[in-house]
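Heads up, structure-v4.pdb below (PDB, N, CA and C atoms):
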```pdb
MODEL        1
ATOM      1  N   MET A   1       7.371  -8.103  11.688
ATOM      2  CA  MET A   1       6.339  -7.962  10.669
ATOM      3  C   MET A   1       5.047  -8.655  11.106
ATOM      4  N   ASP A   2       5.151  -9.604  12.019
ATOM      5  CA  ASP A   2       3.970 -10.329  12.468
ATOM      6  C   ASP A   2       3.001  -9.456  13.246
ATOM      7  N   ASP A   3       3.469  -8.323  13.769
ATOM      8  CA  ASP A   3       2.616  -7.491  14.593
ATOM      9  C   ASP A   3       1.915  -6.372  13.819
ATOM     10  N   ILE A   4       1.948  -6.399  12.510
ATOM     11  CA  ILE A   4       1.255  -5.401  11.693
ATOM     12  C   ILE A   4      -0.228  -5.737  11.654
ATOM     13  N   ASP A   5      -1.059  -4.734  11.940
ATOM     14  CA  ASP A   5      -2.517  -4.913  11.900
ATOM     15  C   ASP A   5      -3.006  -4.533  10.501
ATOM     16  N   PHE A   6      -3.301  -5.527   9.679
ATOM     17  CA  PHE A   6      -3.714  -5.301   8.293
ATOM     18  C   PHE A   6      -5.159  -4.828   8.172
ATOM     19  N   THR A   7      -5.881  -4.752   9.303
ATOM     20  CA  THR A   7      -7.281  -4.322   9.265
ATOM     21  C   THR A   7      -7.450  -2.819   9.511
ATOM     22  N   LEU A   8      -6.366  -2.117   9.838
ATOM     23  CA  LEU A   8      -6.446  -0.676  10.077
ATOM     24  C   LEU A   8      -6.724   0.083   8.783
ATOM     25  N   PRO A   9      -7.451   1.201   8.852
ATOM     26  CA  PRO A   9      -7.608   2.056   7.666
ATOM     27  C   PRO A   9      -6.238   2.576   7.225
ATOM     28  N   ALA A  10      -6.074   2.786   5.925
ATOM     29  CA  ALA A  10      -4.771   3.214   5.405
ATOM     30  C   ALA A  10      -4.929   4.233   4.292
ATOM     31  N   ASP A  11      -3.901   5.060   4.135
ATOM     32  CA  ASP A  11      -3.855   6.075   3.098
ATOM     33  C   ASP A  11      -2.604   5.870   2.259
ATOM     34  N   ILE A  12      -2.758   5.941   0.938
ATOM     35  CA  ILE A  12      -1.614   5.914   0.036
ATOM     36  C   ILE A  12      -1.341   7.351  -0.390
ATOM     37  N   PHE A  13      -0.085   7.748  -0.310
ATOM     38  CA  PHE A  13       0.359   9.057  -0.782
ATOM     39  C   PHE A  13       1.472   8.841  -1.800
ATOM     40  N   TRP A  14       1.445   9.586  -2.901
ATOM     41  CA  TRP A  14       2.515   9.478  -3.880
ATOM     42  C   TRP A  14       2.640  10.778  -4.665
ATOM     43  N   ALA A  15       3.842  10.995  -5.201
ATOM     44  CA  ALA A  15       4.080  12.139  -6.075
ATOM     45  C   ALA A  15       3.696  11.735  -7.487
ATOM     46  N   ARG A  16       3.112  12.657  -8.223
ATOM     47  CA  ARG A  16       2.703  12.364  -9.598
ATOM     48  C   ARG A  16       3.825  12.612 -10.605
ATOM     49  N   SER A  17       4.922  13.179 -10.156
ATOM     50  CA  SER A  17       6.017  13.502 -11.052
ATOM     51  C   SER A  17       7.321  12.934 -10.506
ATOM     52  N   ALA A  18       8.160  12.438 -11.384
ATOM     53  CA  ALA A  18       9.464  11.926 -10.989
ATOM     54  C   ALA A  18      10.467  13.057 -10.803
ATOM     55  N   ARG A  19      10.084  14.263 -11.193
ATOM     56  CA  ARG A  19      10.993  15.405 -11.105
ATOM     57  C   ARG A  19      11.215  15.863  -9.681
ATOM     58  N   ARG A  20      10.435  15.374  -8.756
ATOM     59  CA  ARG A  20      10.513  15.742  -7.342
ATOM     60  C   ARG A  20      10.208  17.211  -7.102
ATOM     61  N   VAL A  21       9.615  17.828  -8.079
ATOM     62  CA  VAL A  21       9.126  19.183  -7.917
ATOM     63  C   VAL A  21       7.617  19.062  -7.833
ATOM     64  N   LEU A  22       7.074  19.456  -6.729
ATOM     65  CA  LEU A  22       5.641  19.259  -6.528
ATOM     66  C   LEU A  22       4.859  20.504  -6.930
ATOM     67  N   PRO A  23       4.434  20.533  -8.178
ATOM     68  CA  PRO A  23       3.565  21.638  -8.564
ATOM     69  C   PRO A  23       2.222  21.472  -7.864
ATOM     70  N   LYS A  24       1.378  22.464  -7.979
ATOM     71  CA  LYS A  24       0.056  22.370  -7.367
ATOM     72  C   LYS A  24      -0.632  21.097  -7.845
ATOM     73  N   GLY A  25      -1.078  20.308  -6.924
ATOM     74  CA  GLY A  25      -1.739  19.056  -7.268
ATOM     75  C   GLY A  25      -0.756  17.930  -7.539
ATOM     76  N   GLY A  26       0.527  18.122  -7.251
ATOM     77  CA  GLY A  26       1.538  17.116  -7.535
ATOM     78  C   GLY A  26       1.549  15.945  -6.577
ATOM     79  N   LEU A  27       0.897  16.087  -5.443
ATOM     80  CA  LEU A  27       0.827  15.009  -4.466
ATOM     81  C   LEU A  27      -0.564  14.407  -4.520
ATOM     82  N   ALA A  28      -0.621  13.093  -4.659
ATOM     83  CA  ALA A  28      -1.910  12.407  -4.753
ATOM     84  C   ALA A  28      -2.153  11.564  -3.501
ATOM     85  N   HIS A  29      -3.416  11.263  -3.261
ATOM     86  CA  HIS A  29      -3.826  10.536  -2.061
ATOM     87  C   HIS A  29      -4.999   9.628  -2.394
ATOM     88  N   GLN A  30      -5.007   8.462  -1.770
ATOM     89  CA  GLN A  30      -6.146   7.560  -1.902
ATOM     90  C   GLN A  30      -6.346   6.858  -0.568
ATOM     91  N   ARG A  31      -7.589   6.764  -0.125
ATOM     92  CA  ARG A  31      -7.933   6.163   1.168
ATOM     93  C   ARG A  31      -8.497   4.761   0.958
ATOM     94  N   PHE A  32      -8.128   3.829   1.854
ATOM     95  CA  PHE A  32      -8.621   2.450   1.812
ATOM     96  C   PHE A  32      -9.144   2.056   3.186
ATOM     97  N   ASP A  33     -10.129   1.168   3.198
ATOM     98  CA  ASP A  33     -10.712   0.702   4.452
ATOM     99  C   ASP A  33      -9.722  -0.084   5.295
ATOM    100  N   THR A  34      -8.808  -0.808   4.621
ATOM    101  CA  THR A  34      -7.819  -1.602   5.359
ATOM    102  C   THR A  34      -6.438  -1.465   4.731
ATOM    103  N   LEU A  35      -5.427  -1.676   5.548
ATOM    104  CA  LEU A  35      -4.045  -1.691   5.072
ATOM    105  C   LEU A  35      -3.859  -2.799   4.045
ATOM    106  N   ALA A  36      -4.493  -3.938   4.262
ATOM    107  CA  ALA A  36      -4.391  -5.059   3.318
ATOM    108  C   ALA A  36      -4.891  -4.649   1.933
ATOM    109  N   ASP A  37      -6.023  -3.943   1.871
ATOM    110  CA  ASP A  37      -6.559  -3.481   0.583
ATOM    111  C   ASP A  37      -5.597  -2.507  -0.092
ATOM    112  N   ALA A  38      -5.001  -1.613   0.698
ATOM    113  CA  ALA A  38      -4.064  -0.631   0.145
ATOM    114  C   ALA A  38      -2.826  -1.322  -0.427
ATOM    115  N   ILE A  39      -2.283  -2.291   0.289
ATOM    116  CA  ILE A  39      -1.102  -3.016  -0.179
ATOM    117  C   ILE A  39      -1.429  -3.787  -1.457
ATOM    118  N   CYS A  40      -2.562  -4.463  -1.485
ATOM    119  CA  CYS A  40      -2.957  -5.196  -2.696
ATOM    120  C   CYS A  40      -3.152  -4.242  -3.870
ATOM    121  N   HIS A  41      -3.717  -3.081  -3.632
ATOM    122  CA  HIS A  41      -3.915  -2.106  -4.711
ATOM    123  C   HIS A  41      -2.572  -1.669  -5.298
ATOM    124  N   VAL A  42      -1.608  -1.405  -4.442
ATOM    125  CA  VAL A  42      -0.285  -0.983  -4.909
ATOM    126  C   VAL A  42       0.406  -2.111  -5.671
ATOM    127  N   MET A  43       0.340  -3.319  -5.144
ATOM    128  CA  MET A  43       1.100  -4.433  -5.722
ATOM    129  C   MET A  43       0.377  -5.126  -6.873
ATOM    130  N   GLN A  44      -0.955  -5.141  -6.872
ATOM    131  CA  GLN A  44      -1.704  -5.882  -7.881
ATOM    132  C   GLN A  44      -2.678  -5.012  -8.663
ATOM    133  N   GLY A  45      -2.804  -3.759  -8.268
ATOM    134  CA  GLY A  45      -3.816  -2.892  -8.857
ATOM    135  C   GLY A  45      -3.392  -2.281 -10.172
ATOM    136  N   ASP A  46      -3.894  -1.096 -10.415
ATOM    137  CA  ASP A  46      -3.661  -0.419 -11.688
ATOM    138  C   ASP A  46      -2.180  -0.104 -11.905
ATOM    139  N   GLU A  47      -1.877   0.306 -13.113
ATOM    140  CA  GLU A  47      -0.494   0.574 -13.514
ATOM    141  C   GLU A  47      -0.158   2.069 -13.471
ATOM    142  N   THR A  48      -0.858   2.844 -12.660
ATOM    143  CA  THR A  48      -0.610   4.272 -12.564
ATOM    144  C   THR A  48       0.806   4.519 -12.057
ATOM    145  N   PRO A  49       1.604   5.324 -12.763
ATOM    146  CA  PRO A  49       2.953   5.629 -12.258
ATOM    147  C   PRO A  49       2.868   6.385 -10.934
ATOM    148  N   ARG A  50       3.618   5.923  -9.966
ATOM    149  CA  ARG A  50       3.644   6.567  -8.654
ATOM    150  C   ARG A  50       5.093   6.716  -8.231
ATOM    151  N   TYR A  51       5.414   7.886  -7.718
ATOM    152  CA  TYR A  51       6.776   8.171  -7.281
ATOM    153  C   TYR A  51       6.749   8.528  -5.804
ATOM    154  N   SER A  52       7.778   8.123  -5.086
ATOM    155  CA  SER A  52       7.875   8.411  -3.649
ATOM    156  C   SER A  52       6.628   7.948  -2.915
ATOM    157  N   LEU A  53       6.188   6.753  -3.197
ATOM    158  CA  LEU A  53       4.958   6.208  -2.629
ATOM    159  C   LEU A  53       5.149   5.796  -1.176
ATOM    160  N   SER A  54       4.124   6.036  -0.367
ATOM    161  CA  SER A  54       4.098   5.517   1.000
ATOM    162  C   SER A  54       2.651   5.182   1.363
ATOM    163  N   ILE A  55       2.519   4.231   2.274
ATOM    164  CA  ILE A  55       1.216   3.901   2.845
ATOM    165  C   ILE A  55       1.301   4.218   4.326
ATOM    166  N   ASP A  56       0.318   4.987   4.808
ATOM    167  CA  ASP A  56       0.294   5.394   6.208
ATOM    168  C   ASP A  56      -0.959   4.876   6.900
ATOM    169  N   THR A  57      -0.777   4.412   8.134
ATOM    170  CA  THR A  57      -1.888   4.099   9.026
ATOM    171  C   THR A  57      -1.704   4.978  10.266
ATOM    172  N   ASP A  58      -2.596   4.864  11.226
ATOM    173  CA  ASP A  58      -2.419   5.610  12.470
ATOM    174  C   ASP A  58      -1.205   5.115  13.246
ATOM    175  N   ASP A  59      -0.797   3.868  12.997
ATOM    176  CA  ASP A  59       0.293   3.254  13.757
ATOM    177  C   ASP A  59       1.646   3.284  13.066
ATOM    178  N   ALA A  60       1.684   3.362  11.725
ATOM    179  CA  ALA A  60       2.960   3.218  11.021
ATOM    180  C   ALA A  60       2.902   3.823   9.626
ATOM    181  N   SER A  61       4.081   3.940   9.044
ATOM    182  CA  SER A  61       4.214   4.399   7.660
ATOM    183  C   SER A  61       5.150   3.425   6.954
ATOM    184  N   PHE A  62       4.827   3.082   5.687
ATOM    185  CA  PHE A  62       5.602   2.089   4.951
ATOM    186  C   PHE A  62       6.024   2.647   3.598
ATOM    187  N   THR A  63       7.299   2.477   3.253
ATOM    188  CA  THR A  63       7.805   2.885   1.948
ATOM    189  C   THR A  63       7.497   1.789   0.941
ATOM    190  N   LEU A  64       7.735   2.068  -0.343
ATOM    191  CA  LEU A  64       7.451   1.076  -1.381
ATOM    192  C   LEU A  64       8.260  -0.205  -1.177
ATOM    193  N   SER A  65       9.518  -0.098  -0.807
ATOM    194  CA  SER A  65      10.315  -1.308  -0.593
ATOM    195  C   SER A  65       9.775  -2.123   0.584
ATOM    196  N   GLU A  66       9.309  -1.455   1.640
ATOM    197  CA  GLU A  66       8.706  -2.172   2.766
ATOM    198  C   GLU A  66       7.389  -2.814   2.360
ATOM    199  N   ILE A  67       6.610  -2.129   1.526
ATOM    200  CA  ILE A  67       5.332  -2.666   1.044
ATOM    201  C   ILE A  67       5.570  -3.935   0.235
ATOM    202  N   GLU A  68       6.578  -3.916  -0.632
ATOM    203  CA  GLU A  68       6.913  -5.108  -1.429
ATOM    204  C   GLU A  68       7.307  -6.272  -0.531
ATOM    205  N   GLU A  69       8.085  -5.991   0.517
ATOM    206  CA  GLU A  69       8.509  -7.029   1.460
ATOM    207  C   GLU A  69       7.314  -7.607   2.217
ATOM    208  N   ILE A  70       6.426  -6.729   2.671
ATOM    209  CA  ILE A  70       5.215  -7.180   3.385
ATOM    210  C   ILE A  70       4.349  -8.032   2.469
ATOM    211  N   PHE A  71       4.160  -7.596   1.225
ATOM    212  CA  PHE A  71       3.310  -8.312   0.277
ATOM    213  C   PHE A  71       3.799  -9.743   0.050
ATOM    214  N   LYS A  72       5.106  -9.936   0.015
ATOM    215  CA  LYS A  72       5.699 -11.257  -0.225
ATOM    216  C   LYS A  72       5.776 -12.112   1.042
ATOM    217  N   SER A  73       5.500 -11.524   2.202
ATOM    218  CA  SER A  73       5.675 -12.231   3.466
ATOM    219  C   SER A  73       4.577 -13.266   3.706
ATOM    220  N   GLU A  74       4.895 -14.227   4.532
ATOM    221  CA  GLU A  74       3.936 -15.278   4.889
ATOM    222  C   GLU A  74       2.743 -14.737   5.681
ATOM    223  N   PRO A  75       2.935 -13.804   6.630
ATOM    224  CA  PRO A  75       1.764 -13.281   7.358
ATOM    225  C   PRO A  75       0.753 -12.563   6.452
ATOM    226  N   PHE A  76       1.188 -12.062   5.301
ATOM    227  CA  PHE A  76       0.274 -11.351   4.405
ATOM    228  C   PHE A  76      -0.434 -12.296   3.434
ATOM    229  N   ALA A  77       0.001 -13.522   3.330
ATOM    230  CA  ALA A  77      -0.542 -14.479   2.350
ATOM    231  C   ALA A  77      -2.071 -14.562   2.344
ATOM    232  N   PRO A  78      -2.743 -14.574   3.482
ATOM    233  CA  PRO A  78      -4.214 -14.673   3.447
ATOM    234  C   PRO A  78      -4.909 -13.459   2.830
ATOM    235  N   TYR A  79      -4.209 -12.347   2.720
ATOM    236  CA  TYR A  79      -4.818 -11.116   2.215
ATOM    237  C   TYR A  79      -4.593 -10.890   0.722
ATOM    238  N   ARG A  80      -3.672 -11.626   0.129
ATOM    239  CA  ARG A  80      -3.391 -11.425  -1.296
ATOM    240  C   ARG A  80      -4.628 -11.712  -2.115
ATOM    241  N   GLN A  81      -4.971 -10.809  -3.029
ATOM    242  CA  GLN A  81      -6.147 -10.964  -3.871
ATOM    243  C   GLN A  81      -5.803 -11.767  -5.109
ATOM    244  N   GLY A  82      -6.756 -12.587  -5.556
ATOM    245  CA  GLY A  82      -6.562 -13.344  -6.781
ATOM    246  C   GLY A  82      -5.759 -14.611  -6.587
ATOM    247  N   GLN A  83      -5.511 -14.983  -5.341
ATOM    248  CA  GLN A  83      -4.784 -16.220  -5.051
ATOM    249  C   GLN A  83      -5.605 -17.026  -4.057
ATOM    250  N   ASP A  84      -5.270 -18.297  -3.919
ATOM    251  CA  ASP A  84      -5.947 -19.113  -2.911
ATOM    252  C   ASP A  84      -5.625 -18.527  -1.554
ATOM    253  N   ALA A  85      -6.645 -18.129  -0.820
ATOM    254  CA  ALA A  85      -6.457 -17.511   0.487
ATOM    255  C   ALA A  85      -6.996 -18.419   1.578
ATOM    256  N   VAL A  86      -6.536 -18.171   2.762
ATOM    257  CA  VAL A  86      -7.017 -18.905   3.917
ATOM    258  C   VAL A  86      -8.506 -18.600   4.093
ATOM    259  N   ALA A  87      -9.288 -19.573   4.477
ATOM    260  CA  ALA A  87     -10.736 -19.373   4.642
ATOM    261  C   ALA A  87     -11.014 -18.203   5.576
ATOM    262  N   GLY A  88     -11.922 -17.352   5.145
ATOM    263  CA  GLY A  88     -12.313 -16.211   5.961
ATOM    264  C   GLY A  88     -11.558 -14.933   5.632
ATOM    265  N   ALA A  89     -10.461 -15.023   4.913
ATOM    266  CA  ALA A  89      -9.695 -13.827   4.552
ATOM    267  C   ALA A  89     -10.283 -13.251   3.275
ATOM    268  N   LYS A  90      -9.969 -11.990   3.023
ATOM    269  CA  LYS A  90     -10.451 -11.326   1.804
ATOM    270  C   LYS A  90      -9.816 -11.914   0.585
TER
ENDMDL
END
```

For this file, produce the structure as structure tokens.
Amino acid sequence: MDDIDFTLPADIFWARSARRVLPKGGLAHQRFDTLADAICHVMQGDETPRYSLSIDTDDASFTLSEIEEIFKSEPFAPYRQGQDAVAGAK
């Protein structure tokens, strides 16, 4: 987990329905400047229901359970929003 580059651009993809039937427009997408911003948005952001969520960068793809693990990890601590962060981090 220490080798994840949190500064890479990232995309969040999720299904809008729990039925797993993707009608037209059933898949949603949101782009972020950094992976760190995308993870914080998922973990601390709005309460929009999201199903089958993943965050993708050019280097990797992360499921919701992996995102939760990364968010709680020590290497991600400087990026968490709304908490005391290491100087220079967002």

By how many Å are CA of Ser61 in chain A and atom N of His41 in chain A apart?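 That distance, rounded to one decimal, is 15.7 Å.
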
Take the PyMOL selection byres ((chain A and resi 7) around 8), apply it to the structure above, and return the hits as a count of residues only. 11

Once the PyMOL selection byres ((chain A and resi 56) around 8) has been evaluated on this model, what residues remain selected, and can you format them as a PyMOL selection string? chain A and resi 8-13+35+53-55+57-63

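Shortest atom-to-atom contact with Ala28 in chain A among A:Phe71, A:Phe76, A:Trp14, A:Tyr51: A:Trp14, counting only C-alpha atoms.
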
Pick out each residue of range 7-65 of chain A that DSSP on the backbone tags as alpha helix (DSSP H); I need them as a VMD selection string. chain A and resid 35 to 44 64 to 65

Would you mind exporting the chosen residues as a PDB file, in the frame of the given file, restricted to N, CA and C atoms?
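selection-v5.pdb, freshly written:
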```
ATOM      1  N   LEU A  35      -5.427  -1.676   5.548  1.00  0.00           N
ATOM      2  CA  LEU A  35      -4.045  -1.691   5.072  1.00  0.00           C
ATOM      3  C   LEU A  35      -3.859  -2.799   4.045  1.00  0.00           C
ATOM      4  N   ALA A  36      -4.493  -3.938   4.262  1.00  0.00           N
ATOM      5  CA  ALA A  36      -4.391  -5.059   3.318  1.00  0.00           C
ATOM      6  C   ALA A  36      -4.891  -4.649   1.933  1.00  0.00           C
ATOM      7  N   ASP A  37      -6.023  -3.943   1.871  1.00  0.00           N
ATOM      8  CA  ASP A  37      -6.559  -3.481   0.583  1.00  0.00           C
ATOM      9  C   ASP A  37      -5.597  -2.507  -0.092  1.00  0.00           C
ATOM     10  N   ALA A  38      -5.001  -1.613   0.698  1.00  0.00           N
ATOM     11  CA  ALA A  38      -4.064  -0.631   0.145  1.00  0.00           C
ATOM     12  C   ALA A  38      -2.826  -1.322  -0.427  1.00  0.00           C
ATOM     13  N   ILE A  39      -2.283  -2.291   0.289  1.00  0.00           N
ATOM     14  CA  ILE A  39      -1.102  -3.016  -0.179  1.00  0.00           C
ATOM     15  C   ILE A  39      -1.429  -3.787  -1.457  1.00  0.00           C
ATOM     16  N   CYS A  40      -2.562  -4.463  -1.485  1.00  0.00           N
ATOM     17  CA  CYS A  40      -2.957  -5.196  -2.696  1.00  0.00           C
ATOM     18  C   CYS A  40      -3.152  -4.242  -3.870  1.00  0.00           C
ATOM     19  N   HIS A  41      -3.717  -3.081  -3.632  1.00  0.00           N
ATOM     20  CA  HIS A  41      -3.915  -2.106  -4.711  1.00  0.00           C
ATOM     21  C   HIS A  41      -2.572  -1.669  -5.298  1.00  0.00           C
ATOM     22  N   VAL A  42      -1.608  -1.405  -4.442  1.00  0.00           N
ATOM     23  CA  VAL A  42      -0.285  -0.983  -4.909  1.00  0.00           C
ATOM     24  C   VAL A  42       0.406  -2.111  -5.671  1.00  0.00           C
ATOM     25  N   MET A  43       0.340  -3.319  -5.144  1.00  0.00           N
ATOM     26  CA  MET A  43       1.100  -4.433  -5.722  1.00  0.00           C
ATOM     27  C   MET A  43       0.377  -5.126  -6.873  1.00  0.00           C
ATOM     28  N   GLN A  44      -0.955  -5.141  -6.872  1.00  0.00           N
ATOM     29  CA  GLN A  44      -1.704  -5.882  -7.881  1.00  0.00           C
ATOM     30  C   GLN A  44      -2.678  -5.012  -8.663  1.00  0.00           C
ATOM     31  N   LEU A  64       7.735   2.068  -0.343  1.00  0.00           N
ATOM     32  CA  LEU A  64       7.451   1.076  -1.381  1.00  0.00           C
ATOM     33  C   LEU A  64       8.260  -0.205  -1.177  1.00  0.00           C
ATOM     34  N   SER A  65       9.518  -0.098  -0.807  1.00  0.00           N
ATOM     35  CA  SER A  65      10.315  -1.308  -0.593  1.00  0.00           C
ATOM     36  C   SER A  65       9.775  -2.123   0.584  1.00  0.00           C
TER      37      SER A  65
END
```

Atom-to-atom span, CA of Glu68 in chain A and CA of Arg50 in chain A, Å: 14.1 Å

Check what the PyMOL selection byres (((chain A and resi 44 and name CA) around 12) and name CA) selects in the file above and give those residues as an mmCIF file with N, CA and C atoms, keeping the file's coordinate frame.
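New file expr22.cif:
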```
data_model
loop_
_atom_site.group_PDB
_atom_site.id
_atom_site.type_symbol
_atom_site.label_atom_id
_atom_site.label_comp_id
_atom_site.auth_asym_id
_atom_site.auth_seq_id
_atom_site.Cartn_x
_atom_site.Cartn_y
_atom_site.Cartn_z
ATOM 1 N N ALA A 36 -4.493 -3.938 4.262
ATOM 2 C CA ALA A 36 -4.391 -5.059 3.318
ATOM 3 C C ALA A 36 -4.891 -4.649 1.933
ATOM 4 N N ASP A 37 -6.023 -3.943 1.871
ATOM 5 C CA ASP A 37 -6.559 -3.481 0.583
ATOM 6 C C ASP A 37 -5.597 -2.507 -0.092
ATOM 7 N N ALA A 38 -5.001 -1.613 0.698
ATOM 8 C CA ALA A 38 -4.064 -0.631 0.145
ATOM 9 C C ALA A 38 -2.826 -1.322 -0.427
ATOM 10 N N ILE A 39 -2.283 -2.291 0.289
ATOM 11 C CA ILE A 39 -1.102 -3.016 -0.179
ATOM 12 C C ILE A 39 -1.429 -3.787 -1.457
ATOM 13 N N CYS A 40 -2.562 -4.463 -1.485
ATOM 14 C CA CYS A 40 -2.957 -5.196 -2.696
ATOM 15 C C CYS A 40 -3.152 -4.242 -3.870
ATOM 16 N N HIS A 41 -3.717 -3.081 -3.632
ATOM 17 C CA HIS A 41 -3.915 -2.106 -4.711
ATOM 18 C C HIS A 41 -2.572 -1.669 -5.298
ATOM 19 N N VAL A 42 -1.608 -1.405 -4.442
ATOM 20 C CA VAL A 42 -0.285 -0.983 -4.909
ATOM 21 C C VAL A 42 0.406 -2.111 -5.671
ATOM 22 N N MET A 43 0.340 -3.319 -5.144
ATOM 23 C CA MET A 43 1.100 -4.433 -5.722
ATOM 24 C C MET A 43 0.377 -5.126 -6.873
ATOM 25 N N GLY A 45 -2.804 -3.759 -8.268
ATOM 26 C CA GLY A 45 -3.816 -2.892 -8.857
ATOM 27 C C GLY A 45 -3.392 -2.281 -10.172
ATOM 28 N N ASP A 46 -3.894 -1.096 -10.415
ATOM 29 C CA ASP A 46 -3.661 -0.419 -11.688
ATOM 30 C C ASP A 46 -2.180 -0.104 -11.905
ATOM 31 N N GLU A 47 -1.877 0.306 -13.113
ATOM 32 C CA GLU A 47 -0.494 0.574 -13.514
ATOM 33 C C GLU A 47 -0.158 2.069 -13.471
ATOM 34 N N THR A 48 -0.858 2.844 -12.660
ATOM 35 C CA THR A 48 -0.610 4.272 -12.564
ATOM 36 C C THR A 48 0.806 4.519 -12.057
ATOM 37 N N ILE A 67 6.610 -2.129 1.526
ATOM 38 C CA ILE A 67 5.332 -2.666 1.044
ATOM 39 C C ILE A 67 5.570 -3.935 0.235
ATOM 40 N N GLU A 68 6.578 -3.916 -0.632
ATOM 41 C CA GLU A 68 6.913 -5.108 -1.429
ATOM 42 C C GLU A 68 7.307 -6.272 -0.531
ATOM 43 N N PHE A 71 4.160 -7.596 1.225
ATOM 44 C CA PHE A 71 3.310 -8.312 0.277
ATOM 45 C C PHE A 71 3.799 -9.743 0.050
ATOM 46 N N LYS A 72 5.106 -9.936 0.015
ATOM 47 C CA LYS A 72 5.699 -11.257 -0.225
ATOM 48 C C LYS A 72 5.776 -12.112 1.042
ATOM 49 N N TYR A 79 -4.209 -12.347 2.720
ATOM 50 C CA TYR A 79 -4.818 -11.116 2.215
ATOM 51 C C TYR A 79 -4.593 -10.890 0.722
ATOM 52 N N ARG A 80 -3.672 -11.626 0.129
ATOM 53 C CA ARG A 80 -3.391 -11.425 -1.296
ATOM 54 C C ARG A 80 -4.628 -11.712 -2.115
ATOM 55 N N GLN A 81 -4.971 -10.809 -3.029
ATOM 56 C CA GLN A 81 -6.147 -10.964 -3.871
ATOM 57 C C GLN A 81 -5.803 -11.767 -5.109
ATOM 58 N N GLY A 82 -6.756 -12.587 -5.556
ATOM 59 C CA GLY A 82 -6.562 -13.344 -6.781
ATOM 60 C C GLY A 82 -5.759 -14.611 -6.587
ATOM 61 N N GLN A 83 -5.511 -14.983 -5.341
ATOM 62 C CA GLN A 83 -4.784 -16.220 -5.051
ATOM 63 C C GLN A 83 -5.605 -17.026 -4.057
#
```

Report as AutoDock Vina command-line options the centre and the edge lengths, in Å to one decimal, of the axis-aligned box holding every listed atom of range 64-71 of chain A, padded by 8 Å on each side.
```
--center_x 6.8 --center_y -3.8 --center_z 1.0 --size_x 23.0 --size_y 27.8 --size_z 20.8
```

Mind checking DSSP for range 21-83 of chain A and telling me the strand (DSSP E) residues as number ranges by chain? A: 27-32, 51-56, 61-63

CA of Ser52 in chain A to CA of Ala18 in chain A: how many Å, to one decimal?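 Atom-to-atom, CA of Ser52 in chain A and CA of Ala18 in chain A are spaced 8.3 Å apart.
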